[in-house]
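Peer 1: One structure, as structure tokens, below. Some questions next.
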4 protein chains.
Amino acid sequence: MSLLNKYKEVRQRSEDICKPLQVEDYVVQPVVDVSPPKWHLGHTTWFFETFILKPNVTDYKEFDPNYNFVFNSYYETIGTRVVRTDRGNLSRPGVEDVYKYRKHVDAAMEIYLENELWKELHDLVLLGLNHEQQHQELLCTDIKYILGNNPLQPAYDTGTATELATAKSAGFIDVTAGICEIGYIGDGFCFDNELSRHRIYLQDYSIADALVTNAEYMQFMEAGGYTDFRHWHSEGWDWVKNNNVDAPMYWHLIDGSWHNYTMQGLKPVDLDAPVCHVSFYEAAAYAAWKGMRLPTEFEWEAASIQFEWGSRWEWTDSAYLPYPGFKKAEGAIGEYNGKFMINQMVLRGASEVTPPGHSRNTYRNFFHPQLRWQYTGIRLAK
Amino acid sequence: MSLLNKYKEVRQRSEDICKPLQVEDYVVQPVVDVSPPKWHLGHTTWFFETFILKPNVTDYKEFDPNYNFVFNSYYETIGTRVVRTDRGNLSRPGVEDVYKYRKHVDAAMEIYLENELWKELHDLVLLGLNHEQQHQELLCTDIKYILGNNPLQPAYDTGTATELATAKSAGFIDVTAGICEIGYIGDGFCFDNELSRHRIYLQDYSIADALVTNAEYMQFMEAGGYTDFRHWHSEGWDWVKNNNVDAPMYWHLIDGSWHNYTMQGLKPVDLDAPVCHVSFYEAAAYAAWKGMRLPTEFEWEAASIQFEWGSRWEWTDSAYLPYPGFKKAEGAIGEYNGKFMINQMVLRGASEVTPPGHSRNTYRNFFHPQLRWQYTGIRLAK
Amino acid sequence: MSLLNKYKEVRQRSEDICKPLQVEDYVVQPVVDVSPPKWHLGHTTWFFETFILKPNVTDYKEFDPNYNFVFNSYYETIGTRVVRTDRGNLSRPGVEDVYKYRKHVDAAMEIYLENELWKELHDLVLLGLNHEQQHQELLCTDIKYILGNNPLQPAYDTGTATELATAKSAGFIDVTAGICEIGYIGDGFCFDNELSRHRIYLQDYSIADALVTNAEYMQFMEAGGYTDFRHWHSEGWDWVKNNNVDAPMYWHLIDGSWHNYTMQGLKPVDLDAPVCHVSFYEAAAYAAWKGMRLPTEFEWEAASIQFEWGSRWEWTDSAYLPYPGFKKAEGAIGEYNGKFMINQMVLRGASEVTPPGHSRNTYRNFFHPQLRWQYTGIRLAK
Amino acid sequence: MSLLNKYKEVRQRSEDICKPLQVEDYVVQPVVDVSPPKWHLGHTTWFFETFILKPNVTDYKEFDPNYNFVFNSYYETIGTRVVRTDRGNLSRPGVEDVYKYRKHVDAAMEIYLENELWKELHDLVLLGLNHEQQHQELLCTDIKYILGNNPLQPAYDTGTATELATAKSAGFIDVTAGICEIGYIGDGFCFDNELSRHRIYLQDYSIADALVTNAEYMQFMEAGGYTDFRHWHSEGWDWVKNNNVDAPMYWHLIDGSWHNYTMQGLKPVDLDAPVCHVSFYEAAAYAAWKGMRLPTEFEWEAASIQFEWGSRWEWTDSAYLPYPGFKKAEGAIGEYNGKFMINQMVLRGASEVTPPGHSRNTYRNFFHPQLRWQYTGIRLAK
């Protein structure tokens, strides 16, 4: 597909995700980690305006100079910005204005993309599209949070998203010790954090061929998993007690039976589906309770051709750190990944709300260990 | 005017205030003291539904049972409710649904009000209307906050609200010591906190016949008023330092000259207008700098026929406490005023966004001393 | 008694209070409102050094210039100071050094006091002594807090302090409406907040001739007083829930029977003693539950010759505000009282740990409404 | 050396460290990470009482049952404990009682150690001694914090501790890619987190043969290192701004020249000494500014025989995670290391206040990335 067509397709998909929303749903920010949908729509547009159009298109007319302040996420290079906790306090620019902003930038980008591009800008546009795909996933997880934490528990849609993956397990895959290579190889797009490809040495290990199911996780709950400190990291145990956690996010005990909020509204928990919306602490505690552990990201990658993945992001017991030879790009783009390489854990795989084709088996997602509004699940290792 | 007509008029006015808003403006809550406009519209409606219709109209059909949870403000008697800080996290019910809710309740109320009412319900309806008028003022102050703290600083409207009152002073009015009566007397409506009317003794005092102007307040600023602790209460001084306060709310120093955000957008500060959006701490510090003081609410009331008032709520040096003989009503209505009689200061008068006819010279408004998003000004005494 | 003898007596009493302490007890600050005993000993000394010796005694040699930073409490006039929450982090100056500091200042003061003094300094020395007496009371309440919140619950002493006052009531005293005078009159010492003496008008009221007893307060507890919001101020109810309050401070339910920590250690609650260590919120809630109210400070003062007082500070329903004609002194001494006249409630009377002769029936003590580490009790009015 | 003699030697050393202290210095806890010295003395004693004496010595008489509550650090298995932030609020047990407690436990331990021990208890005693050595280091770092943050800046001692190590560098050591083994091997004591010894693969790398000096670090400061976000992790940059960090801990700019607080008091910064008391964020920012990086813990260990180490703990760019085959011990001892394996970074080496012989080149120390009250320094890699 041409870059222009790819551009149109990705941009359209963001707007498609928002179609079932009411205007009000675009505006709120119930917790700091969630951003208002209109902010995602504006921010991904700002990325193209700031990094492609303004520096490279001589006669480009900026849509509104104030938008830089509103839609910059975390690029210190680009100047001051609205504090993250304040995003949900902004009623303006309104939703209609944000869509106008998108049209304005898209028109300029499409003209630009009809011409030839140097290699560098080709990569930058591709980065912008992958960036927008990441925000498409966040759009889904944030919309789920906004609706799922509303006392009316409205459904997002009845048809689009499905959370019906089932996890069928035949057991464990054994992998023999030895040297293997880790990191991206090939001609396609990858993020800087997947490089450089390098050798590591792995000991013998076994890794599950399927994710932990809701039924299995409920056994942990019924066995008192949330009340026995021995399974937990010390900071995880504090997190459980301070937040009175006793089930995955979105679970509600109604008349003695567990339900969870899905994009289609509140439903009885599907026992065969992989458990979802658990924190790293819960994933690690579950594994400890089973007498096992989480795989490292290297074990995961090395074995990934031998199992199915993609229905859930999978917590690993690897901290998010640079690979040997990792290099930050010059300028603002260099802030993309490297500066977050502390205090976060790596997740591998993809989820049902990851845009198709966006992930790959060298992809490194990362979140703080207490977070669980993403579609996060558990694969065991031993 | 009949109660029915009064009802229609008051209810309509709330919706008129919101006409210039975009849907997004109805939703946000930038600080805890501000509520989303749609919440005000819903809450005032909930008041009639809960206290008039549900207990008194046998065949009344509740609009939506979940709304009680969403639109209850602070009535513990009526059940659990959305935490005040969470009001801005709720995208649903949407604005359209809130207007439907109003229509539904208005239809039932209008049928009800066409019939005769016992005295008790007459008073309760009147309370509901005065309650809605109080929220009309909050609608204005909250909308001002929502727009005035947006980085785009959009105007609310170009015609409706005016902040052009000027404060012309001929000096001080001297009042001679003696017994006088305080509190409401008459046949009209008053709040329970204005009762019982009772005698007090006042010493000789003098009270200004006009409010402090912006020009006068700027002298305080230029004299270093915000950097000299001696003028301030101890908690006021902490407030100044912790919040880096150096001017009234909504003031911005642009190219060396003071502007302030008004409902018509950002304007140069009008020197002759009364200073507005100051906290009790600032009002008291200004008075101390002048070698004077704020009046008590009793001094204010006793002298109030001798000066003009109504352009600004005026901080007094009286704490909000019960009058002798104060009685809480039975049931939820008893929570209206009495339970707030701690840690707040009384304001007297009215402001340009107070609904016409709503206030009177025995009216007791009250806020915490650090708040300044209301239209609050300063009258001196000595 | 000569001023010199008065000086010696008061200064000695502070050290006597500390005699039962171990060195470690002098150092800690378990909550922000409590100060380490060695800080009280140093601060009261600093008062004399700073306000009497340094400005008035030409050849006075300051003990240690760093002590101004450590022992200043809240006098902005005198320079920066250790933040209040940091007092318990300072192991130095040590206890022995603080006693040396006292000796050094006392030696200079005693020479100074042997000579004649102008009126102004006489008053300042008297203020310093009354100031030290106030800190003697705080020494007792803070020591009680330090020991009473230690898991070992050590007794302070077995003989000195007694909490055995009983509250015997014959009922209510009726007072007839009329003008009366409030505020200090006489030749002795009083604080500036007791002035000026002025007329007020009081309505008819009745005031209890004794304090509420532990037995009476337990009836409130048993009737569910802590779980029924209707008795409480709104901020009081939040305080109850946020702090899980269900009894006065220092009370512990041991094997089904209520005990409280006293200076002599943990004891069964004395049913006939006046209830102690309650907040304003609790006092007001108790009164509301009884269908009564707390007296105002004016009602209290006007009736005070007709009842016994002095075993407990008594919460009134009066906010701490200036009397008509109140004037702050010039300079640092002006910071003594006036700057605290916001957000606090007045207490009248005295407690068993108030130095003998320190209080009087015009004395105005004041604390924030949630505090209860002072010896605070309840007198009803109606 | 016999285990008995080793026991005596280690136990004596803890008390020697405290000899220069005043009683007051034993009591305070200026920040949550620092514990009062008397708590360290009690807690290390509690370890022997709880894990050796109580379960194994039939007629052992517990010193005081309340001490378990006071001196438990983080062992959930053993019961409730004083919240960590509360340690500095406890004046009792006093210092003298803590020394009595030590004598009581030492007497019982010495009798016990004169007899033969099974292997398991031998290891447990050894663990207790290594545990006490770790607290000896914390005693030093905590005492430094207590005195160095006191406004009087008292010296700890004039002779004992020296911070005079100099860092002389001949450049970088090159290491060739290949498999190597990591983790403890041998017959001596090691912590469970050093096991199991396992193979890893390392790429080519170079590692500095000396630590970064104060002179070198000052170049970073002078080049604006603390004001240029590009060198910093995102969370590190927030930490710099929120805490106004502009130099290593304990540094003070006096009359234009940098001094730092040492155990001998305030001194001009020694330019040739290794920089100390820097956070991981500062270490990483310094390395980024130099165009280099921190070594991983594996690179450090593999090259450690080729350079001198021991004057400073050295931040690595490795998160604290379990080695392959890591196993927690059964029971409370299993809480020693494993439950902390999240959100912390590994430090290698030892510092001048590490007990002689306590560390080794497989030793894994770990702290949160923002902490810097430990003796922490920087070794570069590339």
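Letters A, B, ... go to the chains of the structure tokens in the order shown; residues in each chain start at 1; ligands are counted from 1 in the same order.
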Show me which bits of chain D are within 7 Å of chain A, counting only C-alpha atoms, as a list in words.
Peer 2: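 Interface list for chain D against chain A: Arg199, Ile200, Tyr201, Trp232, His233, Ser234, Ala319, Lys339, Phe340 and Asn343 of chain D.
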Peer 1: Can you pull out the residues contacting range 138-151 of chain D? Cut-off 10 Å, using only C-alpha atoms, and skip same-chain residues under 5 positions away; I want them as an NGL selection string.
Peer 2: (:C and (66-67 or 69-70 or 82 or 89-93)) or (:D and (14 or 17-18 or 21 or 25-31 or 33-41 or 132-133 or 156 or 161 or 249-250 or 260-266 or 352-354 or 372-375))
Peer 1: For Arg102 in chain D, please output as a VMD selection string all residues within 8 Å (counting only C-alpha atoms; exclusion window: fewer than 4 positions along the same chain).
Peer 2: chain D and resid 41 to 42 45 98 106
Peer 1: Those same residues - N, CA and C atoms - I'd like them written as a PDB file, in the first residue's frame.
Peer 2:
ATOM      1  N   LEU D  41      19.286  -0.780  66.296  1.00  0.00           N
ATOM      2  CA  LEU D  41      19.858  -1.610  67.364  1.00  0.00           C
ATOM      3  C   LEU D  41      18.842  -2.624  67.873  1.00  0.00           C
ATOM      4  N   GLY D  42      17.590  -2.202  67.970  1.00  0.00           N
ATOM      5  CA  GLY D  42      16.548  -3.106  68.448  1.00  0.00           C
ATOM      6  C   GLY D  42      16.157  -4.126  67.390  1.00  0.00           C
ATOM      7  N   THR D  45      18.466  -7.041  66.864  1.00  0.00           N
ATOM      8  CA  THR D  45      18.373  -7.914  68.028  1.00  0.00           C
ATOM      9  C   THR D  45      17.110  -8.767  67.953  1.00  0.00           C
ATOM     10  N   VAL D  98      16.893  -0.377  75.118  1.00  0.00           N
ATOM     11  CA  VAL D  98      17.311  -1.093  73.911  1.00  0.00           C
ATOM     12  C   VAL D  98      18.658  -1.786  74.154  1.00  0.00           C
ATOM     13  N   ASP D 106      21.924 -11.182  73.643  1.00  0.00           N
ATOM     14  CA  ASP D 106      23.306 -11.642  73.447  1.00  0.00           C
ATOM     15  C   ASP D 106      23.670 -12.737  74.436  1.00  0.00           C
TER      16      ASP D 106
END
Peer 1: Out of range 63-220 of chain C, which residues get alpha helix (DSSP H) from DSSP, as a ChimeraX atom specification?
Peer 2: /C:67-71,95-114,119-148,214-220
Peer 1: Can you list, as JSON, numbers by chain, all residues belonging to range 182-252 of chain D that DSSP tags as strand (DSSP E or B)?
Peer 2: {"D": [182, 198, 199, 200, 201, 202, 205, 206, 207, 208, 213, 251, 252]}
Peer 1: Smallest atom-to-atom distance to Asn365 in chain C: which of C:Glu282, C:Glu194, C:Asp157, C:Glu110, using only C-alpha atoms?
Peer 2: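 Looking only at the distances to Asn365 in chain C, the closest residue turns out to be C:Glu194.
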Peer 1: So what do you get for CA of Ser2 in chain A versus CA of Lys19 in chain A, distance-wise?
Peer 2: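 About the pair CA of Ser2 in chain A and CA of Lys19 in chain A: they are 26.0 Å apart.
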Peer 1: Do a neighbour search on Val245 in chain D at 12 Å with only C-alpha atoms, toss out local chain neighbours closer than 2 positions, and write the hits as number ranges by chain.
Peer 2: D: 221, 225-227, 236-243, 247-252, 278-279, 281-282, 370, 372
Peer 1: Can you tell me which residues surround range 118-122 of chain A at a distance of at most 12 Å, considering only C-alpha atoms, apart from same-chain residues fewer than 6 positions away, and format the answer as a VMD selection string?
Peer 2: chain A and resid 2 to 4 6 to 7 48 51 to 53 55 to 57 112 128 to 129 188 to 189 329
Peer 1: Keeping only N, CA and C atoms, write those residues as a JSON list (two decimals), in the first residue's frame.
Peer 2:
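Generated output (result.json):
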[["chain", "number", "residue", "atom", "x", "y", "z"],
["A", 2, "SER", "N", 0.46, 2.25, -0.75],
["A", 2, "SER", "CA", 1.24, 3.48, -0.78],
["A", 2, "SER", "C", 1.18, 4.13, 0.60],
["A", 3, "LEU", "N", 2.14, 4.99, 0.89],
["A", 3, "LEU", "CA", 2.14, 5.68, 2.17],
["A", 3, "LEU", "C", 0.91, 6.57, 2.30],
["A", 4, "LEU", "N", 0.50, 7.15, 1.18],
["A", 4, "LEU", "CA", -0.71, 7.99, 1.20],
["A", 4, "LEU", "C", -1.94, 7.18, 1.61],
["A", 6, "LYS", "N", -1.98, 4.32, 3.16],
["A", 6, "LYS", "CA", -1.77, 3.89, 4.55],
["A", 6, "LYS", "C", -2.16, 5.03, 5.50],
["A", 7, "TYR", "N", -1.73, 6.23, 5.14],
["A", 7, "TYR", "CA", -2.06, 7.41, 5.95],
["A", 7, "TYR", "C", -3.58, 7.57, 6.09],
["A", 48, "PHE", "N", 1.64, 15.11, 13.43],
["A", 48, "PHE", "CA", 1.94, 15.35, 12.01],
["A", 48, "PHE", "C", 2.18, 16.83, 11.73],
["A", 51, "PHE", "N", 5.78, 17.74, 13.46],
["A", 51, "PHE", "CA", 7.03, 17.10, 13.05],
["A", 51, "PHE", "C", 7.17, 17.00, 11.53],
["A", 52, "ILE", "N", 6.04, 17.04, 10.80],
["A", 52, "ILE", "CA", 6.12, 16.95, 9.34],
["A", 52, "ILE", "C", 5.82, 18.31, 8.70],
["A", 53, "LEU", "N", 4.64, 18.84, 8.96],
["A", 53, "LEU", "CA", 4.19, 20.00, 8.17],
["A", 53, "LEU", "C", 4.94, 21.28, 8.51],
["A", 55, "PRO", "N", 7.87, 21.98, 9.96],
["A", 55, "PRO", "CA", 9.28, 22.12, 9.55],
["A", 55, "PRO", "C", 9.54, 21.89, 8.06],
["A", 56, "ASN", "N", 8.60, 21.27, 7.35],
["A", 56, "ASN", "CA", 8.94, 20.84, 5.99],
["A", 56, "ASN", "C", 8.09, 21.45, 4.87],
["A", 57, "VAL", "N", 6.95, 21.97, 5.21],
["A", 57, "VAL", "CA", 6.06, 22.52, 4.17],
["A", 57, "VAL", "C", 6.04, 24.04, 4.32],
["A", 112, "TYR", "N", 1.10, 16.67, 0.60],
["A", 112, "TYR", "CA", 2.51, 16.40, 0.84],
["A", 112, "TYR", "C", 2.89, 14.97, 0.45],
["A", 128, "GLY", "N", 4.71, 8.43, 12.71],
["A", 128, "GLY", "CA", 3.46, 9.11, 13.04],
["A", 128, "GLY", "C", 2.26, 8.20, 12.95],
["A", 129, "LEU", "N", 2.28, 7.30, 11.97],
["A", 129, "LEU", "CA", 1.14, 6.39, 11.80],
["A", 129, "LEU", "C", 1.15, 5.31, 12.88],
["A", 188, "GLY", "N", 10.89, -3.76, 7.62],
["A", 188, "GLY", "CA", 9.69, -3.01, 7.97],
["A", 188, "GLY", "C", 9.94, -1.99, 9.06],
["A", 189, "PHE", "N", 8.84, -1.48, 9.56],
["A", 189, "PHE", "CA", 8.92, -0.50, 10.63],
["A", 189, "PHE", "C", 9.12, -1.20, 11.97],
["A", 329, "ALA", "N", 17.01, 8.89, 18.91],
["A", 329, "ALA", "CA", 17.09, 9.78, 17.75],
["A", 329, "ALA", "C", 17.41, 11.19, 18.22]]
Peer 1: Name all residues at most 9 Å from Arg312 in chain A (count only C-alpha atoms; drop same-chain ones fewer than 6 positions away) and give them as a list in words.
Peer 2: Leu211, Pro274, Val275, Cys276, Arg348, Gly349, Ala350, Ser351, Glu352, Val353, Tyr375, Thr376, Gly377 and Ile378 of chain A
Peer 1: For CA of Asn72 in chain C and CA of Trp46 in chain C, quote the distance in Å rounded to one decimal.
Peer 2: 7.2 Å
Peer 1: Please, what distance in Å, to one decimal, runs between CA of Ser169 in chain D and CA of Tyr363 in chain D?
Peer 2: 23.6 Å
Peer 1: Quick one: everything within 10 Å of Asn130 in chain A, counting only C-alpha atoms, minus sequence neighbours fewer than 3 positions away in the same chain. Send it as a PyMOL selection string.
Peer 2: chain A and resi 10+124-127+133-136+189-191+355+358-359
